[in-house]
Amino acid sequence: MDRLKHIVILFVLINATITKAQQIVFIDETIFLHANATTFVSGETLLYKIHCLKSTDKTPSTISKIAYVELIDEAKKIVFKNKINLESSTGQAEYFIPTTVKTGKYKLIAYTQWMLNKLDSSFFETNITIINPYISDEKQNSNVIINTDPDKFIKNIKSTNSNIIPPNNIKLILNKNKFKNREIVSLNFKSDDNTITEGSFSLSVRKIEDLPFENQISAVDFSFKQENNFVDLQNSKTKIYLPELRGEKLSGKLIAKNNTDKVENKTIAFSLPGKNFIFKIIRTDNTGSFQININQVDSNSEITIQLMDEDVNNYYIKLDEEAIIDYTKLLITENYKLPPNFKEILINRSINSQIENAYYASKTDKIIIPKENPTFFHPLAKKYILDDYTRFNTLKETIKEVTTEVYYKQIDNKSFLHVNDPNVFPQQPDLPLVLIDGLYLENQNELFEYNMKNVFKIEIITGRYFLGSKFFNGLISFTTFNNAFKSSQSGSSIIKSTIQRPQPKKTYYEVNYSDLNINKRIPDFRNQLIWNPEVDLRNINTFYTSDVSGTFEIKLEGFAKNGTPVSLIETFEVNE
């Protein structure tokens with residue numbers, strides 16, 4: 001614990017204030033979240049964008065690279081948890097609400113691990129209502145909350161929006177205020193101060209709720225929020241959460257089975273196999289603890305962590321548990337039930353949602369494919385594309401006829417690959433680093449049993465190769481066609497686990513009716529006309545109305561680079 005505290009102190013000198021006598025750290029980080037709505041019906045999608053900001057001036061915080069969003073039910077249990085990759089201090093994600101989620105009130109929570117050090121466990125929270133028309137009430141009791149005047153309730157909620165005052169005369173300009181179905185809408189943003197339009201903003205255009213809903217806190221109101229941002233390092237009971245400075249963070253501990261064997265300075269291999277694989281070598285500290293940073297965005301989630309040592313059977317590895325937040329003090333309305341007055345509205349809303357989901361294939365969002373990073377050994381390796389040579393079924397034949405730098409030795413019942421370095425004589429006995437799809441293989445017998453027709457290429461480095469604090473006598477990397485090699489290696493010193501990865505970024509589908517004949521026969525019952533988590537205020541933004549008529553709300557939330565909050569709301573009408 002003392003070592004972790006010193007690491008934190010060294011880090012926060014860059015971006016925090018410390019009172020040396022008391023060892024008090026100022027946590028200058030907070031989260032603001034803008035969701036597309038606060039009331040949802042099963043089958044709809046909760047969309048949101050988060051801003052990681054400095055608590056003091058609301059400018060972007062560059063500390064954390066990962067944020068977390070959780071939905072909490074009335075029993076204080078987690079319904080879903082998303083991990084968000086932060087780029088330029090912002091991130092985005094979504095949650096499709098399944099029919100397994102019950103009707104009720106929920107809390108949407110957002111935080112970074114660095115924020116968990118605050119004395120008051122401060123995090124962002126907003127109220128969410130979910131209505132599930134497919135599940136009947138399991139409980140019938142007198143404590144069910146029913147609003148006897150739902151129309152008055154909705155009007156009161158809507159009227160609070162008028163309190164938002166645009167900063168610096170920034171204005172939202174519509175091409176007109178009344179539109180027909182499937183008509184184009186153009187909106188522009190004007191400000192006397194050009195610096196206001198430079199920042200990060202999200203735009204939601206959605207039909208104003210006919211169901212009860214609550215307003216979210218605006219960026220303007222959030223900018224006035226004060227938080228208790230201090231953590232006492234002097235308190236021995238204080239648990240320190242290190243910031244995720246370089247991406248996702250995993251930690252664990254190497255433990256000796258006899259409690260006496262050395263656990264310090266042991267080599268741990270981390271593999272996240274796949275097409276864009278990650279391989280790292282980490283050393284344990286004097287307590288056997290280790291930490292892994294994943295700074296590469298990818299959809300792979302299956303990891304392997306293993307000890308690289310002659311006496312692997314004398315140890316086992318244990319991963320640290322994720323941070324658990326105490327939600328017992330959260331105030332969530334229990335036993336929520338929608339009044340009968342809303343039955344027809346709910347039926348129409350549910351039908352619209354089902355129709356939209358039925359045509360999902362023609363209205364799909366696009367996942368932004370992460371940039372493929374070169375391997376850590378690029379461009380040092382000699383590459384053999386096996387389709388350029390005569391194909392052989394076995395590894396023995398392949399290394400004999402194709403990859404002639406590679407040979408193998410048999411010791412007892414184990415086979416070990418070696419790399420022949422023509423510049424060294426005699427050859428060094430040290431083993432090379434052997435990977436397949438980025439997975440480290442200590443037991444290479446599996447490769448000798450694997451069909452080489454599944455292998456796309458083999459890359460080889462001869463000579464001494466250093467990776468971290470460990471050296472190898474060369475490197476051999478196998479890449480399969482489908483990156484789906486599965487290893488059977490097991491043992492107490494090997495952990496195979498599935499971890500949660502950040503949701504991939506998307507560009508959200510936008511209907512285009514410039515040619516009315518293209519989508520003429522596809523129904524359009526969108527309540528959410530557009531969701532743009534990265535809207536550019538310097539350009540004219542356009543979107544199309546749907547077949548749904550009524551009053552629609554344009555809502556813009558975000559922060560300029562200088563920390564100025566921007567919250568704008570405008571409405572327009574759509575009629576047949």
# chains A, B, ... in the order shown; residues from 1 in each chain; ligands from 1
>>> residues_around(residues="Arg391 in chain A", least_positions_apart="5", cutoff="9 Å", atoms="only C-alpha atoms", output="VMD selection string")
chain A and resid 386 398 452 to 453
>>> write_last_selection(atoms="N, CA and C atoms", output="PDB file, in the first residue's frame")
ATOM      1  N   LEU A 386       3.041 -18.423 -46.023  1.00  0.00           N
ATOM      2  CA  LEU A 386       3.136 -19.842 -46.380  1.00  0.00           C
ATOM      3  C   LEU A 386       2.479 -20.171 -47.715  1.00  0.00           C
ATOM      4  N   THR A 398       7.319 -28.079 -42.250  1.00  0.00           N
ATOM      5  CA  THR A 398       7.380 -26.652 -42.598  1.00  0.00           C
ATOM      6  C   THR A 398       8.715 -26.034 -42.221  1.00  0.00           C
ATOM      7  N   MET A 452      -0.743 -27.023 -40.088  1.00  0.00           N
ATOM      8  CA  MET A 452      -0.097 -25.814 -40.614  1.00  0.00           C
ATOM      9  C   MET A 452      -0.874 -25.184 -41.768  1.00  0.00           C
ATOM     10  N   LYS A 453      -1.868 -25.871 -42.296  1.00  0.00           N
ATOM     11  CA  LYS A 453      -2.690 -25.263 -43.342  1.00  0.00           C
ATOM     12  C   LYS A 453      -3.576 -24.153 -42.788  1.00  0.00           C
TER      13      LYS A 453
END
>>> residues_around(residues="range 429-433 of chain A", least_positions_apart="6", cutoff="12 Å", atoms="only C-alpha atoms", output="PyMOL selection string")
chain A and resi 269+279-281+308+377+405-409+415-421+439-444+459-467+470-478
>>> residues_around(residues="Asp547 in chain A", least_positions_apart="2", cutoff="7 Å", atoms="only C-alpha atoms", output="PDB file with N, CA and C atoms, in the first residue's frame")
ATOM      1  N   ASN A 181     -43.685  15.149 -42.583  1.00  0.00           N
ATOM      2  CA  ASN A 181     -42.998  13.869 -42.424  1.00  0.00           C
ATOM      3  C   ASN A 181     -41.961  13.682 -43.531  1.00  0.00           C
ATOM      4  N   ARG A 182     -40.831  13.126 -43.164  1.00  0.00           N
ATOM      5  CA  ARG A 182     -39.734  12.824 -44.092  1.00  0.00           C
ATOM      6  C   ARG A 182     -39.201  14.065 -44.795  1.00  0.00           C
ATOM      7  N   ASP A 524     -40.926   4.293 -41.220  1.00  0.00           N
ATOM      8  CA  ASP A 524     -39.989   5.083 -40.418  1.00  0.00           C
ATOM      9  C   ASP A 524     -40.726   5.617 -39.186  1.00  0.00           C
ATOM     10  N   PHE A 525     -40.563   4.909 -38.071  1.00  0.00           N
ATOM     11  CA  PHE A 525     -41.249   5.303 -36.840  1.00  0.00           C
ATOM     12  C   PHE A 525     -40.239   5.708 -35.770  1.00  0.00           C
ATOM     13  N   SER A 549     -45.418  12.064 -36.045  1.00  0.00           N
ATOM     14  CA  SER A 549     -45.764  13.482 -35.919  1.00  0.00           C
ATOM     15  C   SER A 549     -45.771  13.889 -34.451  1.00  0.00           C
TER      16      SER A 549
END
>>> closest_atom_pairs(of="range 19-79 of chain A", to="range 530-534 of chain A", cutoff="8 Å", atoms="only C-alpha atoms", output="JSON lines")
{"residue": "A:Asn36", "atom": "CA", "partner": "A:Trp531", "partner_atom": "CA", "distance": 7.3}
{"residue": "A:Leu47", "atom": "CA", "partner": "A:Trp531", "partner_atom": "CA", "distance": 7.8}
{"residue": "A:Tyr48", "atom": "CA", "partner": "A:Pro533", "partner_atom": "CA", "distance": 7.6}
{"residue": "A:Lys49", "atom": "CA", "partner": "A:Pro533", "partner_atom": "CA", "distance": 6.1}
>>> atom_distance(atom1="CA of Phe456 in chain A", atom2="CA of Thr479 in chain A")
5.6 Å
>>> atom_distance(atom1="CA of Gly43 in chain A", atom2="CA of Tyr134 in chain A")
10.4 Å
>>> residues_around(residues="Phe222 in chain A", least_positions_apart="3", cutoff="12 Å", atoms="only C-alpha atoms", output="NGL selection string")
:A and (30-34 or 51 or 53 or 55-58 or 124-126 or 164 or 216-219 or 225-227 or 557-559 or 563-567)
>>> closest_residue(among="A:Val402, A:Leu516, A:Ile170, A:Ile332", to="Thr195 in chain A", atoms="only C-alpha atoms")
A:Ile170
>>> select_by_dssp(residues="range 275-430 of chain A", states="helix (DSSP H, G or I)", output="MDAnalysis selection string")
chainID A and resid 312:314 340:358 360:362 386:388 395:401
>>> select_by_dssp(residues="range 206-345 of chain A", states="strand (DSSP E)", output="number ranges by chain")
A: 206-207, 230-232, 248-256, 267-272, 278-283, 289-294, 302-307, 315-319
>>> residues_around(residues="Gly288 in chain A", least_positions_apart="2", cutoff="10 Å", atoms="only C-alpha atoms", output="ChimeraX atom specification")
/A:252-256,262-266,283-286,290,317
>>> residues_around(residues="Leu250 in chain A", least_positions_apart="3", cutoff="8 Å", atoms="only C-alpha atoms", output="list in words")
Gln291, Ile292, Asn293, Leu319 and Asp320 of chain A
>>> closest_residue(among="A:Thr59, A:Ser487, A:Asn117, A:Ser353", to="Ile97 in chain A", atoms="only C-alpha atoms")
A:Ser353
>>> atom_distance(atom1="CA of Ser488 in chain A", atom2="CA of Ile458 in chain A")
21.0 Å
>>> closest_residue(among="A:Phe481, A:Phe230, A:Phe189, A:Phe376", to="Glu570 in chain A", atoms="only C-alpha atoms")
A:Phe189
>>> residues_around(residues="Lys343 in chain A", least_positions_apart="6", cutoff="10 Å", atoms="only C-alpha atoms", output="count of residues only")
3
>>> decode(residues="range 323-436 of chain A", atoms="C-alpha atoms", output="PDB file, in the first residue's frame")
ATOM      1  CA  ALA A 323     -13.538  -1.772  -7.806  1.00  0.00           C
ATOM      2  CA  ILE A 324     -16.944  -2.213  -6.190  1.00  0.00           C
ATOM      3  CA  ILE A 325     -18.932   0.905  -5.351  1.00  0.00           C
ATOM      4  CA  ASP A 326     -21.198   0.974  -2.321  1.00  0.00           C
ATOM      5  CA  TYR A 327     -24.610   1.930  -3.711  1.00  0.00           C
ATOM      6  CA  THR A 328     -26.542   1.396  -0.474  1.00  0.00           C
ATOM      7  CA  LYS A 329     -26.998   5.150   0.000  1.00  0.00           C
ATOM      8  CA  LEU A 330     -28.447   5.703  -3.492  1.00  0.00           C
ATOM      9  CA  LEU A 331     -32.013   6.986  -3.404  1.00  0.00           C
ATOM     10  CA  ILE A 332     -34.072   5.095  -5.977  1.00  0.00           C
ATOM     11  CA  THR A 333     -37.872   5.062  -6.110  1.00  0.00           C
ATOM     12  CA  GLU A 334     -39.196   1.569  -5.439  1.00  0.00           C
ATOM     13  CA  ASN A 335     -42.283  -0.180  -6.793  1.00  0.00           C
ATOM     14  CA  TYR A 336     -42.771   2.173  -9.724  1.00  0.00           C
ATOM     15  CA  LYS A 337     -45.888   1.562 -11.780  1.00  0.00           C
ATOM     16  CA  LEU A 338     -47.265   3.475 -14.731  1.00  0.00           C
ATOM     17  CA  PRO A 339     -50.844   4.767 -14.342  1.00  0.00           C
ATOM     18  CA  PRO A 340     -53.549   3.282 -16.621  1.00  0.00           C
ATOM     19  CA  ASN A 341     -53.936   6.704 -18.312  1.00  0.00           C
ATOM     20  CA  PHE A 342     -50.822   5.965 -20.376  1.00  0.00           C
ATOM     21  CA  LYS A 343     -51.928   2.612 -21.778  1.00  0.00           C
ATOM     22  CA  GLU A 344     -52.619   3.824 -25.338  1.00  0.00           C
ATOM     23  CA  ILE A 345     -49.459   5.935 -25.437  1.00  0.00           C
ATOM     24  CA  LEU A 346     -47.411   2.970 -24.264  1.00  0.00           C
ATOM     25  CA  ILE A 347     -48.945   0.631 -26.840  1.00  0.00           C
ATOM     26  CA  ASN A 348     -48.148   3.061 -29.685  1.00  0.00           C
ATOM     27  CA  ARG A 349     -44.612   3.582 -28.387  1.00  0.00           C
ATOM     28  CA  SER A 350     -44.040  -0.157 -28.129  1.00  0.00           C
ATOM     29  CA  ILE A 351     -45.377  -0.772 -31.652  1.00  0.00           C
ATOM     30  CA  ASN A 352     -43.109   1.925 -33.075  1.00  0.00           C
ATOM     31  CA  SER A 353     -40.118   0.371 -31.331  1.00  0.00           C
ATOM     32  CA  GLN A 354     -40.927  -3.119 -32.647  1.00  0.00           C
ATOM     33  CA  ILE A 355     -41.309  -1.851 -36.204  1.00  0.00           C
ATOM     34  CA  GLU A 356     -37.984  -0.033 -36.035  1.00  0.00           C
ATOM     35  CA  ASN A 357     -36.230  -3.117 -34.655  1.00  0.00           C
ATOM     36  CA  ALA A 358     -37.804  -5.269 -37.378  1.00  0.00           C
ATOM     37  CA  TYR A 359     -36.122  -3.091 -40.013  1.00  0.00           C
ATOM     38  CA  TYR A 360     -32.857  -2.833 -38.112  1.00  0.00           C
ATOM     39  CA  ALA A 361     -30.919  -4.581 -40.912  1.00  0.00           C
ATOM     40  CA  SER A 362     -31.627  -1.675 -43.269  1.00  0.00           C
ATOM     41  CA  LYS A 363     -30.846   0.974 -40.645  1.00  0.00           C
ATOM     42  CA  THR A 364     -27.677  -0.355 -39.050  1.00  0.00           C
ATOM     43  CA  ASP A 365     -25.086   1.766 -37.305  1.00  0.00           C
ATOM     44  CA  LYS A 366     -21.478   1.415 -38.404  1.00  0.00           C
ATOM     45  CA  ILE A 367     -18.784   0.324 -35.997  1.00  0.00           C
ATOM     46  CA  ILE A 368     -15.607   2.341 -36.385  1.00  0.00           C
ATOM     47  CA  ILE A 369     -12.872  -0.249 -36.894  1.00  0.00           C
ATOM     48  CA  PRO A 370      -9.841   0.597 -34.741  1.00  0.00           C
ATOM     49  CA  LYS A 371      -6.629   1.294 -36.570  1.00  0.00           C
ATOM     50  CA  GLU A 372      -4.546  -1.851 -36.853  1.00  0.00           C
ATOM     51  CA  ASN A 373      -1.310  -1.316 -34.981  1.00  0.00           C
ATOM     52  CA  PRO A 374       1.923  -2.975 -36.103  1.00  0.00           C
ATOM     53  CA  THR A 375       3.239  -5.802 -33.932  1.00  0.00           C
ATOM     54  CA  PHE A 376       5.727  -4.885 -31.227  1.00  0.00           C
ATOM     55  CA  PHE A 377       8.508  -6.596 -33.217  1.00  0.00           C
ATOM     56  CA  HIS A 378       7.745  -4.815 -36.504  1.00  0.00           C
ATOM     57  CA  PRO A 379       9.730  -4.361 -38.808  1.00  0.00           C
ATOM     58  CA  LEU A 380      12.557  -6.552 -37.473  1.00  0.00           C
ATOM     59  CA  ALA A 381      11.119  -9.952 -38.361  1.00  0.00           C
ATOM     60  CA  LYS A 382      11.649 -11.942 -41.528  1.00  0.00           C
ATOM     61  CA  LYS A 383       8.222 -12.882 -42.869  1.00  0.00           C
ATOM     62  CA  TYR A 384       7.190 -16.177 -44.478  1.00  0.00           C
ATOM     63  CA  ILE A 385       3.755 -16.109 -46.163  1.00  0.00           C
ATOM     64  CA  LEU A 386       3.136 -19.842 -46.380  1.00  0.00           C
ATOM     65  CA  ASP A 387       0.928 -19.589 -49.471  1.00  0.00           C
ATOM     66  CA  ASP A 388       4.054 -18.424 -51.323  1.00  0.00           C
ATOM     67  CA  TYR A 389       5.628 -21.836 -50.728  1.00  0.00           C
ATOM     68  CA  THR A 390       4.649 -25.458 -51.051  1.00  0.00           C
ATOM     69  CA  ARG A 391       2.208 -26.147 -48.253  1.00  0.00           C
ATOM     70  CA  PHE A 392       2.951 -28.830 -45.633  1.00  0.00           C
ATOM     71  CA  ASN A 393       0.573 -30.207 -43.044  1.00  0.00           C
ATOM     72  CA  THR A 394       2.978 -30.440 -40.121  1.00  0.00           C
ATOM     73  CA  LEU A 395       5.295 -28.043 -38.352  1.00  0.00           C
ATOM     74  CA  LYS A 396       8.235 -30.441 -38.680  1.00  0.00           C
ATOM     75  CA  GLU A 397       7.921 -30.422 -42.462  1.00  0.00           C
ATOM     76  CA  THR A 398       7.380 -26.652 -42.598  1.00  0.00           C
ATOM     77  CA  ILE A 399      10.498 -25.726 -40.596  1.00  0.00           C
ATOM     78  CA  LYS A 400      12.565 -28.200 -42.566  1.00  0.00           C
ATOM     79  CA  GLU A 401      11.481 -27.002 -46.010  1.00  0.00           C
ATOM     80  CA  VAL A 402      10.441 -23.353 -45.509  1.00  0.00           C
ATOM     81  CA  THR A 403      11.550 -21.655 -42.304  1.00  0.00           C
ATOM     82  CA  THR A 404      15.048 -23.067 -42.299  1.00  0.00           C
ATOM     83  CA  GLU A 405      16.232 -20.799 -39.462  1.00  0.00           C
ATOM     84  CA  VAL A 406      13.999 -22.764 -37.096  1.00  0.00           C
ATOM     85  CA  TYR A 407      14.799 -26.160 -35.616  1.00  0.00           C
ATOM     86  CA  TYR A 408      13.512 -28.126 -32.645  1.00  0.00           C
ATOM     87  CA  LYS A 409      14.788 -30.277 -29.794  1.00  0.00           C
ATOM     88  CA  GLN A 410      13.004 -33.040 -27.952  1.00  0.00           C
ATOM     89  CA  ILE A 411      13.521 -33.174 -24.169  1.00  0.00           C
ATOM     90  CA  ASP A 412      11.611 -35.947 -22.443  1.00  0.00           C
ATOM     91  CA  ASN A 413       8.061 -35.590 -23.772  1.00  0.00           C
ATOM     92  CA  LYS A 414       8.344 -31.921 -24.681  1.00  0.00           C
ATOM     93  CA  SER A 415       9.332 -30.306 -27.982  1.00  0.00           C
ATOM     94  CA  PHE A 416      11.064 -26.928 -27.989  1.00  0.00           C
ATOM     95  CA  LEU A 417      11.575 -24.627 -30.954  1.00  0.00           C
ATOM     96  CA  HIS A 418      14.905 -22.842 -31.441  1.00  0.00           C
ATOM     97  CA  VAL A 419      16.161 -20.193 -33.835  1.00  0.00           C
ATOM     98  CA  ASN A 420      19.472 -20.769 -35.573  1.00  0.00           C
ATOM     99  CA  ASP A 421      21.619 -17.628 -35.626  1.00  0.00           C
ATOM    100  CA  PRO A 422      24.230 -17.972 -38.422  1.00  0.00           C
ATOM    101  CA  ASN A 423      26.352 -15.268 -36.797  1.00  0.00           C
ATOM    102  CA  VAL A 424      26.827 -17.195 -33.554  1.00  0.00           C
ATOM    103  CA  PHE A 425      28.732 -20.410 -32.971  1.00  0.00           C
ATOM    104  CA  PRO A 426      28.095 -22.455 -31.005  1.00  0.00           C
ATOM    105  CA  GLN A 427      24.360 -21.792 -30.801  1.00  0.00           C
ATOM    106  CA  GLN A 428      23.009 -20.343 -27.552  1.00  0.00           C
ATOM    107  CA  PRO A 429      20.841 -22.718 -25.476  1.00  0.00           C
ATOM    108  CA  ASP A 430      18.341 -19.984 -24.577  1.00  0.00           C
ATOM    109  CA  LEU A 431      14.842 -20.432 -25.945  1.00  0.00           C
ATOM    110  CA  PRO A 432      13.156 -17.992 -28.337  1.00  0.00           C
ATOM    111  CA  LEU A 433       9.880 -16.217 -27.645  1.00  0.00           C
ATOM    112  CA  VAL A 434       7.188 -18.320 -29.356  1.00  0.00           C
ATOM    113  CA  LEU A 435       3.787 -16.763 -30.061  1.00  0.00           C
ATOM    114  CA  ILE A 436       0.739 -17.851 -32.007  1.00  0.00           C
TER     115      ILE A 436
END
